[in-house]
$ cat upload.cif   # mmCIF, C-alpha atoms
data_input
#
loop_
_atom_site.group_PDB
_atom_site.id
_atom_site.type_symbol
_atom_site.label_atom_id
_atom_site.label_comp_id
_atom_site.auth_asym_id
_atom_site.auth_seq_id
_atom_site.Cartn_x
_atom_site.Cartn_y
_atom_site.Cartn_z
ATOM 1 C CA MET U 12 17.036 -15.567 -4.769
ATOM 2 C CA SER U 13 14.896 -18.570 -5.742
ATOM 3 C CA PRO U 14 13.827 -19.069 -9.385
ATOM 4 C CA GLU U 15 10.163 -18.824 -8.320
ATOM 5 C CA LEU U 16 10.761 -15.445 -6.684
ATOM 6 C CA ILE U 17 12.676 -14.219 -9.742
ATOM 7 C CA ASN U 18 9.739 -15.256 -11.933
ATOM 8 C CA GLN U 19 7.258 -13.418 -9.718
ATOM 9 C CA ILE U 20 9.352 -10.241 -9.688
ATOM 10 C CA PHE U 21 9.771 -10.424 -13.470
ATOM 11 C CA MET U 22 6.013 -10.844 -13.916
ATOM 12 C CA LEU U 23 5.104 -7.908 -11.661
ATOM 13 C CA PHE U 24 7.596 -5.442 -13.062
ATOM 14 C CA GLY U 25 7.084 -6.786 -16.581
ATOM 15 C CA LEU U 26 3.421 -5.817 -16.258
ATOM 16 C CA MET U 27 4.505 -2.391 -15.040
ATOM 17 C CA THR U 28 6.733 -2.038 -18.108
ATOM 18 C CA ILE U 29 3.818 -2.944 -20.378
ATOM 19 C CA GLY U 30 1.759 -0.259 -18.640
ATOM 20 C CA TYR U 31 4.555 2.271 -19.152
ATOM 21 C CA LEU U 32 4.713 1.467 -22.876
ATOM 22 C CA CYS U 33 0.919 1.718 -23.116
ATOM 23 C CA GLY U 34 1.116 5.145 -21.503
ATOM 24 C CA LYS U 35 3.889 6.352 -23.794
ATOM 25 C CA THR U 36 2.061 5.135 -26.911
ATOM 26 C CA HIS U 37 -1.256 6.651 -25.694
ATOM 27 C CA ILE U 38 -3.048 3.323 -25.508
ATOM 28 C CA LEU U 39 -3.682 4.424 -21.925
ATOM 29 C CA ASP U 40 -3.970 8.063 -20.885
ATOM 30 C CA ALA U 41 -4.722 9.953 -17.666
ATOM 31 C CA GLU U 42 -8.478 9.512 -18.111
ATOM 32 C CA ALA U 43 -8.147 5.762 -18.660
ATOM 33 C CA ASN U 44 -5.842 5.489 -15.645
ATOM 34 C CA ALA U 45 -8.424 7.249 -13.485
ATOM 35 C CA ILE U 46 -11.243 4.991 -14.706
ATOM 36 C CA PHE U 47 -9.291 1.762 -14.227
ATOM 37 C CA SER U 48 -7.989 2.949 -10.845
ATOM 38 C CA ALA U 49 -11.569 3.557 -9.707
ATOM 39 C CA PHE U 50 -12.531 0.083 -10.964
ATOM 40 C CA ILE U 51 -9.689 -1.497 -8.999
ATOM 41 C CA LEU U 52 -10.430 0.399 -5.783
ATOM 42 C CA LYS U 53 -14.210 -0.035 -5.917
ATOM 43 C CA ALA U 54 -14.638 -3.460 -7.527
ATOM 44 C CA SER U 55 -11.720 -5.811 -8.110
ATOM 45 C CA LEU U 56 -9.707 -4.924 -4.994
ATOM 46 C CA PRO U 57 -12.652 -5.538 -2.613
ATOM 47 C CA ALA U 58 -13.242 -8.839 -4.435
ATOM 48 C CA THR U 59 -9.584 -9.792 -3.901
ATOM 49 C CA ILE U 60 -9.897 -9.028 -0.196
ATOM 50 C CA LEU U 61 -13.083 -11.071 0.170
ATOM 51 C CA ASN U 62 -11.620 -13.961 -1.823
ATOM 52 C CA SER U 63 -8.591 -14.044 0.464
ATOM 53 C CA ALA U 64 -10.951 -14.280 3.447
ATOM 54 C CA PHE U 65 -12.866 -17.218 1.963
ATOM 55 C CA SER U 66 -9.570 -19.054 1.486
ATOM 56 C CA GLN U 67 -8.602 -18.314 5.088
ATOM 57 C CA ASN U 68 -11.916 -18.863 6.873
ATOM 58 C CA THR U 69 -10.403 -21.686 8.918
ATOM 59 C CA MET U 70 -7.739 -19.360 10.327
ATOM 60 C CA GLU U 71 -7.629 -19.221 14.106
ATOM 61 C CA SER U 72 -9.148 -16.100 15.660
ATOM 62 C CA SER U 73 -5.986 -15.545 17.680
ATOM 63 C CA LEU U 74 -3.963 -15.179 14.463
ATOM 64 C CA VAL U 75 -6.454 -12.649 13.057
ATOM 65 C CA TRP U 76 -6.145 -10.531 16.194
ATOM 66 C CA HIS U 77 -2.384 -10.990 16.151
ATOM 67 C CA VAL U 78 -2.141 -9.508 12.642
ATOM 68 C CA THR U 79 -4.569 -6.703 13.523
ATOM 69 C CA ILE U 80 -2.643 -5.666 16.625
ATOM 70 C CA THR U 81 0.642 -5.849 14.691
ATOM 71 C CA ALA U 82 -0.743 -3.617 11.931
ATOM 72 C CA ALA U 83 -2.087 -1.120 14.479
ATOM 73 C CA GLY U 84 1.273 -1.079 16.248
ATOM 74 C CA VAL U 85 3.128 -0.363 13.013
ATOM 75 C CA PHE U 86 0.834 2.549 12.186
ATOM 76 C CA ILE U 87 1.322 3.956 15.674
ATOM 77 C CA LEU U 88 5.109 3.655 15.460
ATOM 78 C CA LEU U 89 5.727 5.167 12.009
ATOM 79 C CA PRO U 90 4.024 8.576 12.523
ATOM 80 C CA VAL U 91 6.049 9.059 15.712
ATOM 81 C CA ILE U 92 9.272 8.451 13.777
ATOM 82 C CA SER U 93 8.080 10.683 10.923
ATOM 83 C CA LYS U 94 7.280 13.546 13.288
ATOM 84 C CA LEU U 95 10.699 13.228 14.914
ATOM 85 C CA LEU U 96 12.449 13.264 11.519
ATOM 86 C CA ALA U 97 10.322 16.241 10.445
ATOM 87 C CA ARG U 98 11.623 18.234 13.399
ATOM 88 C CA ILE U 99 15.224 17.209 12.803
ATOM 89 C CA PHE U 100 15.234 17.902 9.062
ATOM 90 C CA HIS U 101 12.529 20.638 9.055
ATOM 91 C CA LEU U 102 10.255 18.660 6.765
ATOM 92 C CA ASP U 103 6.860 19.805 5.504
ATOM 93 C CA VAL U 104 3.780 17.854 6.679
ATOM 94 C CA THR U 105 3.431 16.442 3.154
ATOM 95 C CA TYR U 106 6.767 14.686 3.621
ATOM 96 C CA GLN U 107 5.450 13.178 6.853
ATOM 97 C CA LEU U 108 2.463 11.750 5.009
ATOM 98 C CA MET U 109 4.718 10.319 2.300
ATOM 99 C CA LEU U 110 6.758 8.547 4.953
ATOM 100 C CA ASN U 111 3.696 7.211 6.783
ATOM 101 C CA TYR U 112 1.720 5.686 3.921
ATOM 102 C CA SER U 113 2.838 2.987 1.492
ATOM 103 C CA ASN U 114 1.165 1.834 -1.709
ATOM 104 C CA LEU U 115 -0.538 -1.170 -0.090
ATOM 105 C CA GLY U 116 -3.454 -1.640 -2.470
ATOM 106 C CA PHE U 117 -1.860 -1.232 -5.877
ATOM 107 C CA MET U 118 1.547 -2.763 -5.072
ATOM 108 C CA GLY U 119 1.189 -4.506 -1.712
ATOM 109 C CA LEU U 120 -1.495 -6.975 -2.725
ATOM 110 C CA PRO U 121 0.110 -7.998 -6.040
ATOM 111 C CA ILE U 122 3.583 -8.415 -4.532
ATOM 112 C CA ILE U 123 2.494 -10.266 -1.381
ATOM 113 C CA SER U 124 0.141 -12.572 -3.287
ATOM 114 C CA GLY U 125 2.853 -13.195 -5.870
ATOM 115 C CA VAL U 126 5.478 -14.095 -3.275
ATOM 116 C CA TYR U 127 3.468 -15.761 -0.489
ATOM 117 C CA GLY U 128 0.385 -16.968 -2.353
ATOM 118 C CA GLU U 129 -3.125 -15.582 -2.739
ATOM 119 C CA GLU U 130 -4.162 -16.734 0.738
ATOM 120 C CA SER U 131 -1.690 -14.261 2.254
ATOM 121 C CA THR U 132 -3.603 -11.290 0.844
ATOM 122 C CA PHE U 133 -5.919 -11.432 3.859
ATOM 123 C CA PHE U 134 -2.999 -10.173 5.964
ATOM 124 C CA VAL U 135 -2.619 -7.269 3.544
ATOM 125 C CA ALA U 136 -6.366 -6.593 3.788
ATOM 126 C CA ILE U 137 -6.032 -6.110 7.543
ATOM 127 C CA PHE U 138 -3.118 -3.711 7.059
ATOM 128 C CA MET U 139 -5.187 -1.831 4.451
ATOM 129 C CA MET U 140 -8.096 -1.512 6.867
ATOM 130 C CA ILE U 141 -5.846 0.018 9.543
ATOM 131 C CA PHE U 142 -4.132 2.108 6.832
ATOM 132 C CA ASN U 143 -7.390 3.722 5.686
ATOM 133 C CA ILE U 144 -8.651 4.384 9.189
ATOM 134 C CA HIS U 145 -5.299 5.921 10.077
ATOM 135 C CA MET U 146 -5.074 8.049 6.910
ATOM 136 C CA PHE U 147 -8.533 9.566 7.290
ATOM 137 C CA THR U 148 -7.994 10.372 10.955
ATOM 138 C CA VAL U 149 -4.322 10.962 11.763
ATOM 139 C CA GLY U 150 -3.535 11.929 8.147
ATOM 140 C CA ILE U 151 -6.175 14.646 8.097
ATOM 141 C CA ILE U 152 -5.108 15.897 11.529
ATOM 142 C CA THR U 153 -1.500 16.066 10.278
ATOM 143 C CA LEU U 154 -2.567 18.302 7.387
ATOM 144 C CA GLN U 155 -5.227 20.421 9.073
ATOM 145 C CA GLY U 156 -4.142 20.442 12.690
ATOM 146 C CA LYS U 157 -7.650 19.463 13.753
ATOM 147 C CA PRO U 158 -10.027 16.639 12.852
ATOM 148 C CA ASP U 159 -12.880 16.998 10.423
ATOM 149 C CA SER U 160 -16.417 16.489 11.723
ATOM 150 C CA LEU U 161 -17.048 12.956 12.950
ATOM 151 C CA ALA U 162 -19.833 12.409 10.397
ATOM 152 C CA SER U 163 -17.620 13.518 7.505
ATOM 153 C CA MET U 164 -14.738 11.358 8.714
ATOM 154 C CA LEU U 165 -16.961 8.283 9.024
ATOM 155 C CA LYS U 166 -18.301 8.930 5.518
ATOM 156 C CA LYS U 167 -14.762 8.934 4.134
ATOM 157 C CA LEU U 168 -14.088 5.617 5.881
ATOM 158 C CA CYS U 169 -17.078 3.962 4.195
ATOM 159 C CA THR U 170 -15.122 2.882 1.125
ATOM 160 C CA PRO U 171 -15.537 -0.491 -0.649
ATOM 161 C CA ALA U 172 -12.002 -1.490 0.404
ATOM 162 C CA ILE U 173 -12.633 -0.831 4.105
ATOM 163 C CA ILE U 174 -16.097 -2.395 4.030
ATOM 164 C CA SER U 175 -14.746 -5.513 2.311
ATOM 165 C CA ALA U 176 -11.866 -5.669 4.813
ATOM 166 C CA LEU U 177 -14.333 -5.508 7.710
ATOM 167 C CA LEU U 178 -16.451 -8.219 6.073
ATOM 168 C CA ALA U 179 -13.328 -10.304 5.520
ATOM 169 C CA PHE U 180 -12.484 -9.864 9.200
ATOM 170 C CA VAL U 181 -15.931 -11.202 10.167
ATOM 171 C CA ILE U 182 -15.747 -14.054 7.622
ATOM 172 C CA VAL U 183 -12.476 -15.320 9.044
ATOM 173 C CA LEU U 184 -13.408 -14.799 12.693
ATOM 174 C CA PHE U 185 -16.708 -16.695 12.351
ATOM 175 C CA HIS U 186 -15.583 -19.177 9.645
ATOM 176 C CA ILE U 187 -18.300 -18.178 7.170
ATOM 177 C CA ASP U 188 -18.500 -20.044 3.843
ATOM 178 C CA ALA U 189 -19.776 -18.470 0.628
ATOM 179 C CA PRO U 190 -22.030 -20.309 -1.849
ATOM 180 C CA THR U 191 -19.880 -21.820 -4.597
ATOM 181 C CA PRO U 192 -21.238 -19.624 -7.444
ATOM 182 C CA ALA U 193 -20.677 -16.466 -5.382
ATOM 183 C CA ALA U 194 -17.183 -17.569 -4.351
ATOM 184 C CA ARG U 195 -16.242 -18.287 -7.989
ATOM 185 C CA LEU U 196 -17.602 -14.908 -9.111
ATOM 186 C CA ILE U 197 -15.639 -13.069 -6.429
ATOM 187 C CA SER U 198 -12.495 -15.059 -7.237
ATOM 188 C CA SER U 199 -12.817 -14.317 -10.951
ATOM 189 C CA LEU U 200 -13.324 -10.593 -10.378
ATOM 190 C CA GLY U 201 -10.454 -10.398 -7.900
ATOM 191 C CA SER U 202 -8.052 -12.152 -10.265
ATOM 192 C CA VAL U 203 -7.756 -9.040 -12.462
ATOM 193 C CA THR U 204 -6.460 -6.858 -9.606
ATOM 194 C CA THR U 205 -2.784 -7.837 -9.792
ATOM 195 C CA PRO U 206 -2.167 -7.460 -13.549
ATOM 196 C CA LEU U 207 -4.358 -4.380 -13.922
ATOM 197 C CA ALA U 208 -2.866 -2.606 -10.889
ATOM 198 C CA MET U 209 0.713 -3.067 -12.078
ATOM 199 C CA ILE U 210 -0.183 -1.951 -15.626
ATOM 200 C CA ILE U 211 -1.847 1.205 -14.300
ATOM 201 C CA ILE U 212 1.177 2.027 -12.120
ATOM 202 C CA GLY U 213 3.382 1.787 -15.208
ATOM 203 C CA SER U 214 1.006 3.945 -17.220
ATOM 204 C CA GLN U 215 0.924 6.579 -14.471
ATOM 205 C CA LEU U 216 4.722 6.716 -14.460
ATOM 206 C CA ALA U 217 4.601 7.433 -18.202
ATOM 207 C CA GLN U 218 2.590 10.599 -17.485
ATOM 208 C CA MET U 219 5.246 12.079 -15.164
ATOM 209 C CA ARG U 220 7.763 14.770 -16.119
ATOM 210 C CA PHE U 221 10.895 12.999 -14.964
ATOM 211 C CA LYS U 222 13.236 15.943 -15.476
ATOM 212 C CA GLU U 223 11.424 17.980 -12.830
ATOM 213 C CA VAL U 224 11.243 15.043 -10.429
ATOM 214 C CA LEU U 225 14.825 13.852 -10.840
ATOM 215 C CA LEU U 226 16.315 17.254 -9.973
ATOM 216 C CA LYS U 227 14.793 17.511 -6.469
ATOM 217 C CA PRO U 228 17.289 16.143 -3.851
ATOM 218 C CA SER U 229 14.768 16.053 -0.996
ATOM 219 C CA LEU U 230 12.764 13.400 -2.845
ATOM 220 C CA TYR U 231 15.772 11.088 -2.865
ATOM 221 C CA MET U 232 16.187 11.485 0.884
ATOM 222 C CA ILE U 233 12.506 10.736 1.485
ATOM 223 C CA SER U 234 12.637 7.760 -0.870
ATOM 224 C CA PHE U 235 15.686 6.360 0.937
ATOM 225 C CA LEU U 236 13.916 6.669 4.275
ATOM 226 C CA LYS U 237 10.694 5.181 2.875
ATOM 227 C CA LEU U 238 12.207 2.298 0.912
ATOM 228 C CA VAL U 239 15.204 1.362 3.069
ATOM 229 C CA VAL U 240 15.178 2.847 6.571
ATOM 230 C CA TYR U 241 11.510 2.392 7.488
ATOM 231 C CA PRO U 242 11.237 -1.289 6.504
ATOM 232 C CA ALA U 243 14.502 -1.929 8.376
ATOM 233 C CA ILE U 244 13.049 -0.301 11.505
ATOM 234 C CA VAL U 245 9.811 -2.294 11.209
ATOM 235 C CA TYR U 246 11.727 -5.540 10.699
ATOM 236 C CA VAL U 247 13.996 -4.989 13.723
ATOM 237 C CA VAL U 248 11.101 -3.965 16.001
ATOM 238 C CA LEU U 249 8.877 -6.882 14.974
ATOM 239 C CA ARG U 250 11.782 -9.344 14.951
ATOM 240 C CA PHE U 251 12.357 -8.640 18.640
ATOM 241 C CA THR U 252 8.686 -8.332 19.654
ATOM 242 C CA ILE U 253 6.674 -10.947 17.756
ATOM 243 C CA GLY U 254 9.632 -12.873 16.328
ATOM 244 C CA PRO U 255 10.486 -14.033 12.792
ATOM 245 C CA GLY U 256 7.809 -15.343 10.456
ATOM 246 C CA ILE U 257 5.401 -14.436 7.691
ATOM 247 C CA ILE U 258 3.711 -11.590 9.611
ATOM 248 C CA THR U 259 7.039 -9.869 10.256
ATOM 249 C CA ASN U 260 8.076 -10.349 6.628
ATOM 250 C CA ILE U 261 4.792 -9.083 5.198
ATOM 251 C CA ALA U 262 4.777 -6.018 7.474
ATOM 252 C CA THR U 263 8.368 -5.246 6.460
ATOM 253 C CA ILE U 264 7.597 -5.538 2.740
ATOM 254 C CA LEU U 265 4.465 -3.392 3.036
ATOM 255 C CA MET U 266 6.316 -0.631 4.853
ATOM 256 C CA GLY U 267 9.095 -0.730 2.246
ATOM 257 C CA LEU U 268 6.783 0.043 -0.669
ATOM 258 C CA PRO U 269 6.723 3.432 -2.436
ATOM 259 C CA VAL U 270 4.585 6.383 -1.388
ATOM 260 C CA ALA U 271 0.850 5.729 -1.702
ATOM 261 C CA ALA U 272 -1.057 7.567 -4.420
ATOM 262 C CA ASN U 273 -3.684 8.200 -1.717
ATOM 263 C CA VAL U 274 -1.328 10.817 -0.250
ATOM 264 C CA THR U 275 -1.834 12.985 -3.345
ATOM 265 C CA MET U 276 -5.595 12.541 -3.006
ATOM 266 C CA LEU U 277 -5.495 13.537 0.660
ATOM 267 C CA CYS U 278 -3.343 16.585 -0.070
ATOM 268 C CA SER U 279 -5.763 17.627 -2.801
ATOM 269 C CA GLY U 280 -8.700 17.556 -0.411
ATOM 270 C CA TYR U 281 -6.999 19.076 2.620
ATOM 271 C CA ASN U 282 -4.667 21.797 1.307
ATOM 272 C CA GLY U 283 -1.463 19.778 1.159
ATOM 273 C CA ASP U 284 1.264 20.065 -1.458
ATOM 274 C CA VAL U 285 -0.308 18.043 -4.280
ATOM 275 C CA ARG U 286 2.610 18.410 -6.708
ATOM 276 C CA LEU U 287 5.153 17.349 -4.080
ATOM 277 C CA ALA U 288 3.062 14.306 -3.120
ATOM 278 C CA ALA U 289 2.745 13.224 -6.760
ATOM 279 C CA GLN U 290 6.486 13.680 -7.294
ATOM 280 C CA GLY U 291 7.216 11.639 -4.170
ATOM 281 C CA THR U 292 5.027 8.821 -5.439
ATOM 282 C CA CYS U 293 6.768 8.940 -8.809
ATOM 283 C CA ILE U 294 10.415 8.898 -7.681
ATOM 284 C CA SER U 295 9.835 6.370 -4.871
ATOM 285 C CA THR U 296 8.028 4.046 -7.302
ATOM 286 C CA LEU U 297 10.922 4.278 -9.749
ATOM 287 C CA LEU U 298 13.518 3.583 -7.049
ATOM 288 C CA SER U 299 11.426 0.720 -5.672
ATOM 289 C CA LEU U 300 12.160 -1.175 -8.886
ATOM 290 C CA LEU U 301 15.629 -1.608 -7.366
ATOM 291 C CA THR U 302 14.874 -1.852 -3.641
ATOM 292 C CA ILE U 303 11.887 -4.244 -3.701
ATOM 293 C CA PRO U 304 13.715 -7.154 -5.393
ATOM 294 C CA ILE U 305 16.629 -6.685 -2.967
ATOM 295 C CA MET U 306 14.264 -6.628 0.024
ATOM 296 C CA LEU U 307 12.408 -9.743 -1.182
ATOM 297 C CA SER U 308 15.671 -11.625 -1.725
ATOM 298 C CA ILE U 309 16.860 -10.764 1.812
ATOM 299 C CA LEU U 310 13.606 -11.790 3.482
#

$ encode --input "upload.cif" --output "structure tokens"
Amino acid sequence: MSPELINQIFMLFGLMTIGYLCGKTHILDAEANAIFSAFILKASLPATILNSAFSQNTMESSLVWHVTITAAGVFILLPVISKLLARIFHLDVTYQLMLNYSNLGFMGLPIISGVYGEESTFFVAIFMMIFNIHMFTVGIITLQGKPDSLASMLKKLCTPAIISALLAFVIVLFHIDAPTPAARLISSLGSVTTPLAMIIIGSQLAQMRFKEVLLKPSLYMISFLKLVVYPAIVYVVLRFTIGPGIITNIATILMGLPVAANVTMLCSGYNGDVRLAAQGTCISTLLSLLTIPIMLSIL
């Protein structure tokens, strides 16, 4: 593992540790976590996505479509595998959602930008766009067995993250430049996403009752599948379809991240097992402290 990569990993998980200590000492609490999470999702994260597009607005259109098709293919493949595993192991639909959706926004962007540079976050933005569309269509169908009304589903897709990802897509495709003051403002706002996201993750871990989580064997099985098996499958499939390279590596890393907090939100709104989803996010995030550095060193 290169010294630069070691430094990046130390920075990311060091920030998470600071967040954990802030949570334990009540500098941050559940209310503060919710407020800062909303700020990240609705303000700084969209700014990060747009800033990545401005830095990549000379990217060839063919590469943009290449990443988009790859992301769509990954999100078609994983639910099929999850459904098959659910039948084999008799897993609840909440487990399927945990396997399908990784923590792209809060962990994906900081880790990818830390390892591959800020310009690479545009690739993550495309994955996030497909992620959100998939979650609020296939995810809801998985929980309810039938889709919500089209109008309601479209309303749920109109989030700042998706809108900014769509704008980023257009910016790169048509090579649009932003006025310098606007670009600097967006860059400055987006720069807080990485440190704040990792601190909030650490603070959220401090709110969990670890004794209850650590004594549930099924969560370890799901975490192993999510953090080890799924990224291995994605890497092998992409290695033999699109070949080695940054897109394959980024897709592998993103699919090897812990369970997305959005799964808990989705379960809360559509009669899923909220407690189980939160526990899955907690234990997979803890175990990812071990698996993510190993995965980064291998790739």

$ resolve_selection --input "upload.cif" --expression "the PyMOL selection byres ((chain U and resi 232) around 12)" --output "PyMOL selection string"
chain U and resi 96+100+102+106+109-110+227-231+233-240+291+294-295+298

$ closest_atom_pairs --input "upload.cif" --of "range 72-160 of chain U" --to "range 209-218 of chain U" --cutoff "12 Å" --atoms "only C-alpha atoms" --output "JSON lines"
{"residue": "U:Asn114", "atom": "CA", "partner": "U:Ile212", "partner_atom": "CA", "distance": 10.4}
{"residue": "U:Gly116", "atom": "CA", "partner": "U:Met209", "partner_atom": "CA", "distance": 10.6}
{"residue": "U:Phe117", "atom": "CA", "partner": "U:Met209", "partner_atom": "CA", "distance": 7.0}
{"residue": "U:Met118", "atom": "CA", "partner": "U:Met209", "partner_atom": "CA", "distance": 7.1}
{"residue": "U:Gly119", "atom": "CA", "partner": "U:Met209", "partner_atom": "CA", "distance": 10.5}
{"residue": "U:Leu120", "atom": "CA", "partner": "U:Met209", "partner_atom": "CA", "distance": 10.4}
{"residue": "U:Pro121", "atom": "CA", "partner": "U:Met209", "partner_atom": "CA", "distance": 7.8}
{"residue": "U:Ile122", "atom": "CA", "partner": "U:Met209", "partner_atom": "CA", "distance": 9.7}

$ atom_distance --input "upload.cif" --atom1 "CA of Val181 in chain U" --atom2 "CA of Ile144 in chain U"
17.2 Å

$ closest_residue --input "upload.cif" --among "U:Asn273, U:Ser72, U:Thr205, U:Gln155" --to "Asn111 in chain U" --atoms "only C-alpha atoms"
U:Asn273

$ closest_residue --input "upload.cif" --among "U:Phe65, U:Phe24, U:Trp76, U:Phe147" --to "Leu108 in chain U" --atoms "all atoms listed in the file"
U:Phe147

$ decode --input "upload.cif" --residues "range 227-234 of chain U" --atoms "all heavy atoms" --output "tab-separated table (two decimals), in the first residue's frame"
chain	number	residue	atom	x	y	z
U	227	LYS	N	-26.18	-10.58	16.73
U	227	LYS	CA	-27.09	-11.06	15.68
U	227	LYS	C	-26.26	-11.65	14.54
U	227	LYS	O	-25.72	-10.92	13.70
U	227	LYS	CB	-27.97	-9.92	15.18
U	227	LYS	CG	-29.08	-10.39	14.24
U	227	LYS	CD	-30.07	-9.27	13.94
U	227	LYS	CE	-30.95	-8.99	15.14
U	227	LYS	NZ	-32.04	-8.05	14.81
U	228	PRO	N	-26.15	-12.99	14.45
U	228	PRO	CA	-25.29	-13.65	13.45
U	228	PRO	C	-25.64	-13.30	12.00
U	228	PRO	O	-24.75	-13.19	11.15
U	228	PRO	CB	-25.51	-15.14	13.71
U	228	PRO	CG	-25.98	-15.22	15.13
U	228	PRO	CD	-26.77	-13.98	15.35
U	229	SER	N	-26.92	-13.13	11.71
U	229	SER	CA	-27.33	-12.87	10.32
U	229	SER	C	-26.71	-11.58	9.79
U	229	SER	O	-26.44	-11.47	8.59
U	229	SER	CB	-28.85	-12.79	10.22
U	229	SER	OG	-29.36	-11.73	11.01
U	230	LEU	N	-26.45	-10.62	10.67
U	230	LEU	CA	-25.86	-9.36	10.23
U	230	LEU	C	-24.42	-9.55	9.78
U	230	LEU	O	-23.94	-8.85	8.88
U	230	LEU	CB	-25.92	-8.33	11.36
U	230	LEU	CG	-27.32	-7.83	11.75
U	230	LEU	CD1	-27.23	-6.87	12.92
U	230	LEU	CD2	-28.01	-7.17	10.57
U	231	TYR	N	-23.73	-10.51	10.38
U	231	TYR	CA	-22.36	-10.80	9.96
U	231	TYR	C	-22.34	-11.45	8.58
U	231	TYR	O	-21.46	-11.15	7.77
U	231	TYR	CB	-21.67	-11.70	10.99
U	231	TYR	CG	-21.38	-11.01	12.29
U	231	TYR	CD1	-22.26	-11.10	13.37
U	231	TYR	CD2	-20.23	-10.25	12.45
U	231	TYR	CE1	-21.99	-10.45	14.57
U	231	TYR	CE2	-19.95	-9.59	13.65
U	231	TYR	CZ	-20.84	-9.70	14.70
U	231	TYR	OH	-20.57	-9.05	15.88
U	232	MET	N	-23.32	-12.33	8.33
U	232	MET	CA	-23.39	-12.96	7.02
U	232	MET	C	-23.68	-11.92	5.94
U	232	MET	O	-23.02	-11.89	4.89
U	232	MET	CB	-24.49	-14.03	7.00
U	232	MET	CG	-24.62	-14.73	5.66
U	232	MET	SD	-26.04	-15.84	5.55
U	232	MET	CE	-27.39	-14.66	5.47
U	233	ILE	N	-24.64	-11.03	6.21
U	233	ILE	CA	-24.98	-9.99	5.25
U	233	ILE	C	-23.80	-9.05	5.03
U	233	ILE	O	-23.50	-8.65	3.89
U	233	ILE	CB	-26.22	-9.20	5.74
U	233	ILE	CG1	-27.47	-10.07	5.67
U	233	ILE	CG2	-26.41	-7.92	4.93
U	233	ILE	CD1	-27.83	-10.53	4.28
U	234	SER	N	-23.11	-8.71	6.10
U	234	SER	CA	-21.95	-7.82	5.98
U	234	SER	C	-20.84	-8.47	5.16
U	234	SER	O	-20.18	-7.79	4.35
U	234	SER	CB	-21.43	-7.44	7.37
U	234	SER	OG	-22.39	-6.70	8.08
